[in-house]
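Trainee: My file is coords_9.txt. It has compact mmCIF, C-alpha atoms:
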# COMPACT_ATOMS: atom_id res chain seq x y z
CA MET A 283 -17.98 -5.41 -26.17
CA ALA A 284 -20.92 -6.08 -23.89
CA LEU A 285 -20.75 -8.94 -21.43
CA ASN A 286 -23.58 -11.40 -21.07
CA LEU A 287 -24.92 -12.44 -17.66
CA GLU A 288 -22.77 -15.59 -17.42
CA GLN A 289 -19.58 -13.67 -18.18
CA LYS A 290 -20.48 -11.08 -15.56
CA LYS A 291 -21.13 -13.82 -12.98
CA ALA A 292 -17.77 -15.40 -13.77
CA ILE A 293 -15.95 -12.08 -13.34
CA VAL A 294 -17.75 -11.37 -10.06
CA ALA A 295 -16.90 -14.85 -8.78
CA GLU A 296 -13.23 -14.47 -9.74
CA VAL A 297 -12.87 -11.05 -8.10
CA ALA A 298 -14.76 -12.23 -5.00
CA GLU A 299 -12.41 -15.20 -4.65
CA VAL A 300 -9.33 -13.01 -4.97
CA ALA A 301 -10.76 -10.38 -2.59
CA SER A 302 -11.61 -12.99 0.05
CA THR A 303 -7.96 -14.08 0.31
CA ALA A 304 -6.31 -10.69 -0.27
CA LEU A 305 -4.56 -8.81 2.52
CA SER A 306 -4.93 -5.34 1.02
CA VAL A 307 -6.15 -3.65 -2.15
CA VAL A 308 -5.12 -0.53 -4.02
CA ALA A 309 -7.45 1.09 -6.57
CA ALA A 310 -5.81 3.35 -9.13
CA GLU A 311 -7.17 5.28 -12.09
CA TYR A 312 -5.42 4.35 -15.32
CA LYS A 313 -7.02 6.78 -17.80
CA GLN A 314 -4.02 7.69 -19.96
CA VAL A 315 -1.69 4.77 -19.31
CA THR A 316 -0.60 2.97 -22.46
CA ALA A 317 -1.20 -0.72 -23.03
CA THR A 318 2.56 -1.34 -23.08
CA ASP A 319 2.94 0.25 -19.66
CA LEU A 320 0.03 -1.78 -18.28
CA THR A 321 1.64 -4.96 -19.61
CA GLN A 322 4.84 -4.08 -17.76
CA LEU A 323 2.80 -3.38 -14.62
CA ARG A 324 1.09 -6.76 -14.89
CA ALA A 325 4.42 -8.56 -15.30
CA GLU A 326 5.87 -6.79 -12.25
CA ALA A 327 2.73 -7.49 -10.24
CA ARG A 328 2.75 -11.18 -11.13
CA SER A 329 6.35 -11.52 -10.00
CA GLN A 330 5.53 -9.84 -6.66
CA GLY A 331 2.40 -11.89 -5.87
CA VAL A 332 -0.08 -9.13 -6.70
CA HIS A 333 -3.30 -9.84 -8.59
CA LEU A 334 -4.28 -6.99 -10.93
CA GLN A 335 -7.83 -6.77 -12.21
CA VAL A 336 -9.53 -4.25 -14.48
CA VAL A 337 -13.24 -4.66 -13.89
CA LYS A 338 -16.35 -2.55 -14.14
CA ASN A 339 -17.05 -0.75 -10.89
CA SER A 340 -20.54 -2.20 -10.55
CA LEU A 341 -19.14 -5.74 -10.83
CA ALA A 342 -16.33 -4.94 -8.40
CA LYS A 343 -18.85 -3.64 -5.86
CA ARG A 344 -20.84 -6.86 -6.14
CA ALA A 345 -17.72 -8.98 -5.83
CA MET A 346 -16.53 -7.21 -2.69
CA VAL A 347 -19.77 -7.77 -0.80
CA GLY A 348 -19.00 -10.01 2.15
CA THR A 349 -15.27 -9.30 2.14
CA GLU A 350 -13.30 -6.87 4.26
CA PHE A 351 -13.04 -4.59 1.22
CA GLU A 352 -16.77 -3.94 1.08
CA CYS A 353 -16.05 -0.54 2.62
CA MET A 354 -14.47 0.58 -0.69
CA ALA A 355 -17.77 0.45 -2.61
CA ASP A 356 -18.46 4.19 -2.37
CA HIS A 357 -14.98 5.05 -3.64
CA LEU A 358 -15.02 2.96 -6.82
CA THR A 359 -15.61 5.52 -9.56
CA GLY A 360 -13.95 6.00 -12.91
CA PRO A 361 -11.77 3.56 -14.82
CA LEU A 362 -9.94 1.71 -12.07
CA ILE A 363 -7.42 -1.07 -11.86
CA LEU A 364 -7.56 -3.05 -8.63
CA ALA A 365 -4.32 -4.44 -7.19
CA PHE A 366 -4.94 -7.21 -4.65
CA SER A 367 -2.00 -8.04 -2.41
CA GLN A 368 -1.74 -11.78 -1.88
CA ALA A 369 1.78 -12.19 -0.47
CA ASP A 370 2.00 -9.48 2.20
CA PRO A 371 -0.09 -6.38 3.00
CA GLY A 372 2.31 -3.85 1.49
CA CYS A 373 3.13 -5.72 -1.70
CA ALA A 374 0.44 -4.17 -3.93
CA ALA A 375 1.22 -0.72 -2.58
CA ARG A 376 4.93 -1.13 -3.38
CA VAL A 377 4.18 -2.27 -6.96
CA ILE A 378 1.71 0.57 -7.63
CA LYS A 379 3.94 3.15 -5.93
CA SER A 380 6.94 2.26 -8.09
CA PHE A 381 4.75 2.27 -11.23
CA VAL A 382 3.26 5.69 -10.39
CA LYS A 383 6.76 7.14 -9.97
CA GLU A 384 7.55 6.25 -13.58
CA ASN A 385 4.07 6.86 -15.05
CA LYS A 386 2.47 10.05 -13.81
CA ALA A 387 -0.70 9.26 -15.80
CA MET A 388 -1.79 6.68 -13.18
CA GLU A 389 -3.39 8.13 -10.07
CA VAL A 390 -4.05 6.21 -6.86
CA LYS A 391 -7.61 6.75 -5.68
CA VAL A 392 -8.14 4.56 -2.61
CA VAL A 393 -6.30 2.04 -0.44
CA SER A 394 -7.90 -0.51 1.85
CA ILE A 395 -6.47 -2.82 4.48
CA GLY A 396 -8.12 -4.59 7.39
CA GLY A 397 -11.61 -3.42 6.53
CA LYS A 398 -10.63 0.25 6.58
CA VAL A 399 -10.57 2.67 3.68
CA MET A 400 -7.60 4.99 3.45
CA GLY A 401 -6.88 7.77 1.03
CA ALA A 402 -4.25 7.82 -1.66
CA SER A 403 -1.90 9.65 0.71
CA ASP A 404 -1.64 6.47 2.83
CA LEU A 405 -0.09 4.51 -0.04
CA ASP A 406 3.40 5.35 1.24
CA ARG A 407 2.59 4.06 4.72
CA LEU A 408 1.24 0.81 3.32
CA ALA A 409 4.20 0.43 0.95
CA SER A 410 6.63 0.87 3.83
CA LEU A 411 5.24 -2.12 5.73
CA PRO A 412 7.89 -4.84 6.05
CA THR A 413 7.63 -8.06 4.08
CA TYR A 414 7.13 -11.38 5.84
CA ASP A 415 10.86 -12.13 5.84
CA GLN A 416 11.72 -8.66 7.12
CA SER A 417 9.13 -9.00 9.90
CA ILE A 418 10.60 -12.33 10.99
CA SER A 419 14.12 -10.89 11.05
CA ILE A 420 12.95 -7.90 13.12
CA LEU A 421 11.18 -10.24 15.54
CA MET A 422 14.25 -12.47 15.86
CA SER A 423 16.54 -9.51 16.55
CA VAL A 424 14.17 -8.26 19.25
CA MET A 425 13.96 -11.73 20.78
CA LYS A 426 17.72 -12.32 20.89
CA ALA A 427 18.71 -8.84 22.13
CA PRO A 428 18.12 -9.58 25.86
CA ILE A 429 20.12 -12.81 25.62
CA GLU A 430 23.03 -11.06 23.90
CA LYS A 431 23.03 -8.34 26.55
CA PHE A 432 22.97 -10.95 29.33
CA VAL A 433 25.93 -12.81 27.80
CA ARG A 434 27.91 -9.58 27.41
CA THR A 435 27.17 -8.71 31.04
CA LEU A 436 28.38 -12.12 32.22
CA ASN A 437 31.54 -11.82 30.11
CA GLU A 438 32.42 -8.29 31.20
CA PRO A 439 34.16 -9.05 34.56
CA THR A 440 36.51 -11.51 32.86
CA ALA A 441 37.21 -9.11 30.00
CA LYS A 442 37.87 -6.28 32.46
CA MET A 443 40.34 -8.43 34.37
CA VAL A 444 42.17 -9.34 31.13
CA ARG A 445 42.37 -5.66 30.14
CA THR A 446 43.70 -4.75 33.62
CA LEU A 447 46.38 -7.45 33.48
CA ALA A 448 47.39 -6.30 29.98
CA ALA A 449 47.69 -2.70 31.25
CA VAL A 450 49.82 -3.81 34.21
CA LYS A 451 52.06 -5.85 31.85
CA GLU A 452 52.51 -2.85 29.56
CA SER A 453 53.36 -0.55 32.45
CA LYS A 454 56.07 -2.96 33.75
CA ALA A 455 57.56 -3.54 30.29
Output the file's structure in the form of structure tokens.

Mentor:
Amino acid sequence: MALNLEQKKAIVAEVAEVASTALSVVAAEYKQVTATDLTQLRAEARSQGVHLQVVKNSLAKRAMVGTEFECMADHLTGPLILAFSQADPGCAARVIKSFVKENKAMEVKVVSIGGKVMGASDLDRLASLPTYDQSISILMSVMKAPIEKFVRTLNEPTAKMVRTLAAVKESKA
């Protein structure tokens, strides 16, 4: 079904809005993926905060003008599904990576984050990025480590004295 000009403008505006707030995007070719599998992918993506969009490449190129994903324009060829990560940078990559494991028909073509285009081989690196909560916990553990070490150091002379007294008591008993 052919789209009229107004429908095309609406699609471009929607994709441009999503792309302007997205943290990363994964483009994957979905040639032989069934509709049932795509429905499952969409449900999983929605639950993870990922916006999936199947759009003509020419419209996607227009929509990405002025965003940090403009660098992907040369790589958008073939029937692609675009996964925009809204929650954290690695979210879309994790969703697509888990889907590709189960459905070999889908093939990742290009990944983009921070205005840089990366190949499909970088999907694993992007998927391994920690979530927001994991990043905060890592930061907190790094911040409290010096304090914990300082407290242990202050406590050590007292603990050593207690251990020495216990050893002396055992030797006399």

Trainee: Name the residues in contact with Gln330 of chain A at a cut-off of 10 Å, using only C-alpha atoms, excluding same-chain residues fewer than 4 positions from it; report them as a PyMOL selection string.

Mentor: chain A and resi 324-326+367-370+373-374+376-377

Trainee: In Å, how far is it from atom CA of Leu334 of chain A to atom CA of Ala295 of chain A?

Mentor: 15.0 Å

Trainee: Sorted by chain and rising residue number, list the residues of segment 397-435 of chain A at most 8 Å from segment 346-366 of chain A (counting only C-alpha atoms), each with its closest atom pair and distance in Å to one decimal, as JSON lines.

Mentor:
{"residue": "A:Gly397", "atom": "CA", "partner": "A:Glu350", "partner_atom": "CA", "distance": 4.5}
{"residue": "A:Lys398", "atom": "CA", "partner": "A:Cys353", "partner_atom": "CA", "distance": 6.8}
{"residue": "A:Val399", "atom": "CA", "partner": "A:Met354", "partner_atom": "CA", "distance": 6.2}

Trainee: Write out as a ChimeraX atom specification which residues come within 10 Å of segment 413-425 of chain A when counting all atoms listed in the file, dropping same-chain ones fewer than 3 positions away.

Mentor: /A:369-373,409-410,428-430

Trainee: Dump C-alpha atoms for the selected residues as an mmCIF file, in the coordinates of the input?

Mentor:
data_model
loop_
_atom_site.group_PDB
_atom_site.id
_atom_site.type_symbol
_atom_site.label_atom_id
_atom_site.label_comp_id
_atom_site.auth_asym_id
_atom_site.auth_seq_id
_atom_site.Cartn_x
_atom_site.Cartn_y
_atom_site.Cartn_z
ATOM 1 C CA ALA A 369 1.780 -12.190 -0.470
ATOM 2 C CA ASP A 370 2.000 -9.480 2.200
ATOM 3 C CA PRO A 371 -0.090 -6.380 3.000
ATOM 4 C CA GLY A 372 2.310 -3.850 1.490
ATOM 5 C CA CYS A 373 3.130 -5.720 -1.700
ATOM 6 C CA ALA A 409 4.200 0.430 0.950
ATOM 7 C CA SER A 410 6.630 0.870 3.830
ATOM 8 C CA PRO A 428 18.120 -9.580 25.860
ATOM 9 C CA ILE A 429 20.120 -12.810 25.620
ATOM 10 C CA GLU A 430 23.030 -11.060 23.900
#
